[in-house]
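Student: Attaching a single structure in structure tokens format; questions to follow.
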Amino acid sequence: MVCLPACLLSRIVQFPFQAIYIVLNILLMQNFSLHNNSNNAMSLWSKIKGKGTEFRGPQPVGQAIMRNLPTSDMIESCSIAGPGFINVKLSTQWIAKRIQNMLTDGIDTWAPRLSVKRAIVDFSSPNIAKEMHVGHLRSTIIGDTIARMLEYAKVDVLRRNHVGDWGTQFGMLIEFLFEKFPDGEVTDQDIGELELFYKASKQRFDGDDEFKERARKAVVALQSGKEEKYQKAWAQICEISRRGFEKVYERLGVHLEEMGESFYNPYIPLALKELNDKGLIKDDEGAKVIKIIEGKKALPLVAMEKDGRYSYASTDFAALWSLLPEEEVKWIIFVILQSGTEEKYQKAWAQICEINRKGSKIVYQRQGVHLGESLNNTYIPLALEELDDEGLIEDDEDAKVIKIIEGNKVPPLIVTKTDGGYNYASTDLAALWYRLNEEKAEWIIYVTDVGQREHFKKIFAAAKSAGWLPADESKYPKTSHVGFGLVLGDDGKRFRTRSTEVVKLVDLLDQAKRRCKEALVERVKVAEWTAEELEQTAEAVGYGAVKYADLKNNRLTNYTFNYDQMLNDKACLMIFSHFYMVILQYICCMHMLEYVRLSENLEGQMLLQTDDERKLGLHLLQFAEAVEEACTNLLPNILCEYLYDLSEKFTSFYSECKVVGSAEETSRLLLCEATAVVMRKCFHLLGITPVYKI
Ligand code: ARG
């Protein structure tokens with residue numbers, strides 16, 4: 001839709017025709033959007049209606065827009081429909097030309113243009129010595145697609161695997177390792193399944209206080225970095241885990257660069273010092289915390305003026321304070337005379353009451369009896385003292401103020417535990433500091449299950465308070481948490497194996513491949529396939545189906561994992577087979593394309609005469625928009641939907657239009673080729689290996 005942004009609309013109202021001309025020109029130049037119907041006449045009309053305009057309704061406004069449209073080879077014709085829709089018919093020649101250009105210059109010319117130069121995608125990030133679970137599979141698949149889309153948009157992407165390789169559990173693991181293998185030589189086989197090793201050591205840890213103490217000391221020894229023995233044991237455990245993770249990444253064709261929690265450990269004191277210097281870190285019963293307030297800061301409320309006089313607000317504090325009985329106050333009706341200020345008090349007092357007298361509520365009434373100010377003067381010092389004791393009063397250029405935050409309080413972010421140790425949050429703060437300052441990332445994207453949303457919200461809020469991130473979220477550098485829902489089993493509960501253990505990813509992928517192979521053997525003439533072909537196709541389709549089943553959902557929704565459904569998924573198979581058709585068509589006709597290529601000039605070769613051809617062509621042009629939308633909103637399902645629609649449009653075209661041997665052969669072959677190019681790119685962005693034979 002050629003829709004004008006709201007900010008421009010208001011300018012248009014001021015300078016109608018000049019502005020329309022300019023704006024449309026800009027839109028046309030940028031090929032802003034490719035649908036062909038605009039409702040701008042109506043929205044414009046609603047803005048100028050009743051303001052002395054010469055127009056008599058949206059239709060004349062539409063006609064005026066139409067008359068003033070700049071000439072452009074993008075537009076074939078224009079008409080007004082209904083109450084004022086402007087139908088802009090895009091020129092078929094223009095569509096064809098753009099597709100031809102893409103074929104000549106490559107699909108990279110259709111890559112979205114983003115304003116970020118460097119992004120970090122923090123994804124997969126399993127925990128050492130534990131099995132990667134389906135949640136990590138989702139993170140791996142979603143994160144990889146996001147990284148691929150950004151890379152396509154020429155963003156420098158750092159693919160970070162923030163593995164859980166640090167923390168107190170290592171004390172227990174190391175001690176257990178020493179106990180089982182006193183001579184220090186261990187192999188993968190010795191440890192066997194790391195998950196079981198982890199469980200055995202945990203059992204030992206929980207059941208024996210002496211072991212617990214040794215484990216605690218082992219953490220200190222490891223983290224001090226001075227004793228080689230501990231470092232070595234830690235490195236061994238990490239290495240065994242890493243090899244397990246690598247197997248999964250290899251199968252999925254995902255590349256990641258490991259920079260685990262341990263990497264950021266040395267930066268924690270630095271990052272925390274910066275936060276502390278900014279007054280953000282507070283003591284909380286031995287722990288160090290950052291108080292996170294969700295919401296915006298409002299103007300402070302003055303409690304005492306610069307010259308030491310009590311403010312107007314302080315009288316009201318005192319009035320209220322004097323009314324608050326010690327016990328169990330549920331409601332206080334606070335009656336104030338002046339209107340317009342009560343909301344501010346309400347917020348301030350909501351905060352105070354939440355701390356002081358849990359459960360108290362204040363109700364304000366706009367007009368009413370004002371409590372005598374002088375009456376409350378005696379209470380002012382008492383009220384202010386209490387507010388001060390609660391840490392609510394701050395100095396602000398000699399005045400005493402209460403900072404008001406609009407929004408709710410959330411539990412604080414613990415950055416140093418009572419025993420002085422660091423935790424998941426301190427590591428993430430240090431990682432964020434590092435990513436912003438050392439790696440100069442402009443966009444940092446974290447892909448984890450939605451369960452970690454609160455954690456990241458707090459980390460981002462702390463970073464904003466420290467000025468590491470701009471308060472305005474539309475500005476860079478910025479952070480985004482890409483949350484995703486749970487993977488459920490057929491029983492509607494978390495996806496687990498029968499023994500209620502987490503599902504191992506290698507088993508899951510094995511199973512997908514096996515089932516796919518069975519389906520293939522049933523479907524194809526096996527004699528025509530080499531064993532290798534069968535194997536590779538089973539992998540491509542099996543793993544591809546796992547990925548597609550995941551990516552096609554809006555990531556926030558939980559989805560039910562079901563092999564049969566996944567592999568028989570109509571949409572999934574349709575895409576695989578259509579892709580094959582396109583490719584087949586393309587390969588078969590290679591020799592015919594040859595002469596077109598040789599002529600080196602595709603100009604005018606594509607015609608898009610029928611409705612189906614035009615629709616397919618138009619959809620091809622929308623590819624760039626689809627990727628941009630998927631990329632900026634971090635929603636891979638948008639790309640899946642695009643691919644699905646593309647295969648449908650291709651089917652219509654292919655069943656309606658004869659390609660080989662038709663009078664329009666060259667043009668249609670080019671359309672096939674363009675479809676193949678775009679489809680292949682979609683597959684690439686979704687991390688799915690295309691198959692050329694099914
Ligand atoms: N290891 C964590 C987990 O398994 C995920 C880490 C995500 N990244 C981060 N920077 N916190 O839940």
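Ligands are numbered from 1 in the order shown, chains are lettered A, B, ... in the order of the structure tokens, and residues start at 1 in each chain.
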Give the residue list for ligand 1 at 10 Å, counting only C-alpha atoms and all ligand atoms, as a ChimeraX atom specification, sorted by chain and then by residue number.
Tutor: /A:121-128,130-133,135-136,139,160-165,259-261,424-425,427-432,444-449,451-452,455-456,459,481
Student: Hey, what does DSSP flag as helix (DSSP H, G or I) within region 595-645 of chain A? Can you give it to me as JSON, numbers by chain?
Tutor: {"A": [595, 596, 597, 598, 611, 612, 613, 614, 615, 616, 617, 618, 619, 620, 621, 623, 624, 625, 626, 627, 628, 629, 630, 631, 632, 636, 637, 638, 639, 640, 641, 642, 643, 644, 645]}
Student: Any chance you can output those residues with C-alpha atoms as an mmCIF file, in the first residue's frame?
Tutor:
```cif
data_model
loop_
_atom_site.group_PDB
_atom_site.id
_atom_site.type_symbol
_atom_site.label_atom_id
_atom_site.label_comp_id
_atom_site.auth_asym_id
_atom_site.auth_seq_id
_atom_site.Cartn_x
_atom_site.Cartn_y
_atom_site.Cartn_z
ATOM 1 C CA TYR A 595 20.962 -18.474 -25.158
ATOM 2 C CA VAL A 596 19.108 -15.905 -23.132
ATOM 3 C CA ARG A 597 22.107 -15.588 -20.867
ATOM 4 C CA LEU A 598 24.474 -15.372 -23.794
ATOM 5 C CA ASP A 611 -2.726 -12.795 -14.289
ATOM 6 C CA ASP A 612 -0.868 -15.706 -12.668
ATOM 7 C CA GLU A 613 2.460 -14.570 -14.050
ATOM 8 C CA ARG A 614 1.863 -11.052 -12.851
ATOM 9 C CA LYS A 615 0.880 -12.224 -9.384
ATOM 10 C CA LEU A 616 3.929 -14.430 -9.121
ATOM 11 C CA GLY A 617 6.128 -11.602 -10.366
ATOM 12 C CA LEU A 618 4.665 -9.164 -7.864
ATOM 13 C CA HIS A 619 5.160 -11.659 -5.049
ATOM 14 C CA LEU A 620 8.784 -12.126 -6.049
ATOM 15 C CA LEU A 621 9.273 -8.387 -5.706
ATOM 16 C CA PHE A 623 10.702 -10.751 -1.056
ATOM 17 C CA ALA A 624 12.885 -7.878 0.109
ATOM 18 C CA GLU A 625 10.020 -6.470 2.156
ATOM 19 C CA ALA A 626 9.296 -9.855 3.743
ATOM 20 C CA VAL A 627 12.918 -10.311 4.807
ATOM 21 C CA GLU A 628 13.094 -6.797 6.135
ATOM 22 C CA GLU A 629 9.948 -7.280 8.165
ATOM 23 C CA ALA A 630 11.082 -10.663 9.498
ATOM 24 C CA CYS A 631 14.466 -9.216 10.321
ATOM 25 C CA THR A 632 13.464 -5.974 11.984
ATOM 26 C CA PRO A 636 11.234 -15.729 11.191
ATOM 27 C CA ASN A 637 7.658 -16.958 10.682
ATOM 28 C CA ILE A 638 7.097 -13.983 8.373
ATOM 29 C CA LEU A 639 9.653 -15.443 6.022
ATOM 30 C CA CYS A 640 8.046 -18.894 6.277
ATOM 31 C CA GLU A 641 4.695 -17.382 5.350
ATOM 32 C CA TYR A 642 6.279 -15.630 2.419
ATOM 33 C CA LEU A 643 7.828 -18.880 1.206
ATOM 34 C CA TYR A 644 4.530 -20.696 1.573
ATOM 35 C CA ASP A 645 2.708 -18.051 -0.449
#
```
Student: Check the smallest atom-to-atom distance from each of A:Ile99, A:Val691, A:Ala287, A:Leu387 to Val677 (chain A) using only C-alpha atoms, then report the winner.
Tutor: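 Distance minimum relative to Val677 (chain A) lands on A:Ile99.
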Student: A:Trp166, A:Leu150, A:Ile240, A:Gly279: which is nearest Leu194 (chain A), counting only C-alpha atoms?
Tutor: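 Between A:Trp166, A:Leu150, A:Ile240, A:Gly279, the residue approaching Leu194 (chain A) most closely is A:Ile240.
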Student: So how many Å separate CA of Arg514 (chain A) and CA of Gly542 (chain A), to one decimal?
Tutor: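 Separation of CA of Arg514 (chain A) and CA of Gly542 (chain A): 7.9 Å.
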Student: Please indicate the distance in Å from CA of Val220 (chain A) to CA of Phe176 (chain A), rounded to one decimal place.
Tutor: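 Interatomic distance, CA of Val220 (chain A) to CA of Phe176 (chain A): 15.6 Å.
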Student: Would you mind writing down, as a ChimeraX atom specification, each residue of region 149-337 of chain A that DSSP on the backbone assigns to strand (DSSP E)?
Tutor: /A:156-161,257-258,281-284,287-290,296-297,301-304,331-335
Student: Just want the 9 Å neighbourhood of Ile120 (chain A), counted on only C-alpha atoms, with same-chain residues fewer than 5 positions away dropped. Output as a count of residues only.
Tutor: 14
Student: For Thr557 (chain A), which residue out of A:Leu635, A:Gly207, A:Asn601, A:Thr537 is the nearest one, using only C-alpha atoms?
Tutor: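 Ranking A:Leu635, A:Gly207, A:Asn601, A:Thr537 by distance to Thr557 (chain A), first place goes to A:Leu635.
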Student: So which residues touch Ala200 (chain A) within 12 Å, counting only C-alpha atoms, skipping near sequence neighbours fewer than 5 positions away, as a ChimeraX atom specification?
Tutor: /A:129,172-173,175-177,179-180,191-195,205-207
Student: Export, as an mmCIF file, in the first residue's frame, the selected residues with N, CA and C atoms.
Tutor:
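So again_1.cif came out as:
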```
data_model
loop_
_atom_site.group_PDB
_atom_site.id
_atom_site.type_symbol
_atom_site.label_atom_id
_atom_site.label_comp_id
_atom_site.auth_asym_id
_atom_site.auth_seq_id
_atom_site.Cartn_x
_atom_site.Cartn_y
_atom_site.Cartn_z
ATOM 1 N N ALA A 129 28.122 -29.697 30.763
ATOM 2 C CA ALA A 129 27.863 -30.889 31.579
ATOM 3 C C ALA A 129 26.380 -31.216 31.679
ATOM 4 N N MET A 172 31.606 -28.843 42.316
ATOM 5 C CA MET A 172 31.080 -30.182 42.540
ATOM 6 C C MET A 172 31.556 -31.154 41.452
ATOM 7 N N LEU A 173 31.508 -30.700 40.210
ATOM 8 C CA LEU A 173 31.924 -31.570 39.104
ATOM 9 C C LEU A 173 33.411 -31.902 39.173
ATOM 10 N N GLU A 175 35.460 -31.797 41.829
ATOM 11 C CA GLU A 175 35.768 -32.664 42.967
ATOM 12 C C GLU A 175 35.387 -34.111 42.674
ATOM 13 N N PHE A 176 34.250 -34.249 42.020
ATOM 14 C CA PHE A 176 33.777 -35.595 41.697
ATOM 15 C C PHE A 176 34.733 -36.252 40.704
ATOM 16 N N LEU A 177 35.205 -35.462 39.783
ATOM 17 C CA LEU A 177 36.160 -35.966 38.789
ATOM 18 C C LEU A 177 37.447 -36.428 39.480
ATOM 19 N N GLU A 179 37.751 -37.397 42.476
ATOM 20 C CA GLU A 179 37.465 -38.565 43.290
ATOM 21 C C GLU A 179 37.444 -39.831 42.438
ATOM 22 N N LYS A 180 36.831 -39.717 41.259
ATOM 23 C CA LYS A 180 36.698 -40.897 40.400
ATOM 24 C C LYS A 180 37.968 -41.214 39.627
ATOM 25 N N ILE A 191 33.910 -40.686 31.239
ATOM 26 C CA ILE A 191 32.832 -39.883 31.822
ATOM 27 C C ILE A 191 31.479 -40.377 31.308
ATOM 28 N N GLY A 192 31.508 -40.944 30.109
ATOM 29 C CA GLY A 192 30.257 -41.474 29.546
ATOM 30 C C GLY A 192 29.307 -40.343 29.281
ATOM 31 N N GLU A 193 28.125 -40.502 29.740
ATOM 32 C CA GLU A 193 27.142 -39.464 29.499
ATOM 33 C C GLU A 193 27.335 -38.376 30.541
ATOM 34 N N LEU A 194 27.650 -37.210 30.075
ATOM 35 C CA LEU A 194 27.937 -36.120 31.019
ATOM 36 C C LEU A 194 26.756 -35.832 31.936
ATOM 37 N N GLU A 195 25.584 -35.964 31.368
ATOM 38 C CA GLU A 195 24.376 -35.697 32.144
ATOM 39 C C GLU A 195 24.324 -36.617 33.386
ATOM 40 N N PHE A 205 27.098 -34.431 46.191
ATOM 41 C CA PHE A 205 27.126 -33.081 46.758
ATOM 42 C C PHE A 205 26.009 -32.911 47.800
ATOM 43 N N ASP A 206 24.822 -33.357 47.433
ATOM 44 C CA ASP A 206 23.678 -33.188 48.332
ATOM 45 C C ASP A 206 23.761 -34.082 49.570
ATOM 46 N N GLY A 207 24.463 -35.214 49.422
ATOM 47 C CA GLY A 207 24.429 -36.174 50.527
ATOM 48 C C GLY A 207 25.616 -36.124 51.457
#
```
Student: Identify which of the residues A:Gln511, A:Tyr198, A:Glu397, A:Gly171 lies closest to Lys212 (chain A), counting only C-alpha atoms when measuring atom-to-atom distances.
Tutor: A:Gly171
Student: Excluding Glu539 (chain A) and residues on its chain fewer than 4 positions from it, collect all residues at most 8 Å away from it, counting only C-alpha atoms, and give them as a list in words.
Tutor: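 My reading of the contact set: Lys513, Cys516, Glu535, Tyr543 and Gly544 of chain A.
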Student: Print the selection's residues with N, CA and C atoms to a file, as a short mmCIF file (atom, residue, chain, number, x, y, z; two decimals), in the first residue's frame.
Tutor:
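Just written: result.cif:
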```cif
data_model
loop_
_atom_site.label_atom_id
_atom_site.label_comp_id
_atom_site.auth_asym_id
_atom_site.auth_seq_id
_atom_site.Cartn_x
_atom_site.Cartn_y
_atom_site.Cartn_z
N LYS A 513 15.41 -37.97 10.94
CA LYS A 513 16.05 -38.45 9.72
C LYS A 513 15.54 -39.86 9.38
N CYS A 516 12.10 -39.83 8.00
CA CYS A 516 12.09 -39.24 6.69
C CYS A 516 12.57 -40.25 5.65
N GLU A 535 20.53 -40.90 1.78
CA GLU A 535 21.00 -40.43 3.08
C GLU A 535 20.93 -38.90 3.16
N TYR A 543 15.93 -32.81 8.83
CA TYR A 543 16.34 -31.67 9.66
C TYR A 543 15.60 -30.41 9.21
N GLY A 544 15.39 -30.33 7.88
CA GLY A 544 14.65 -29.17 7.35
C GLY A 544 13.25 -29.12 7.93
#
```
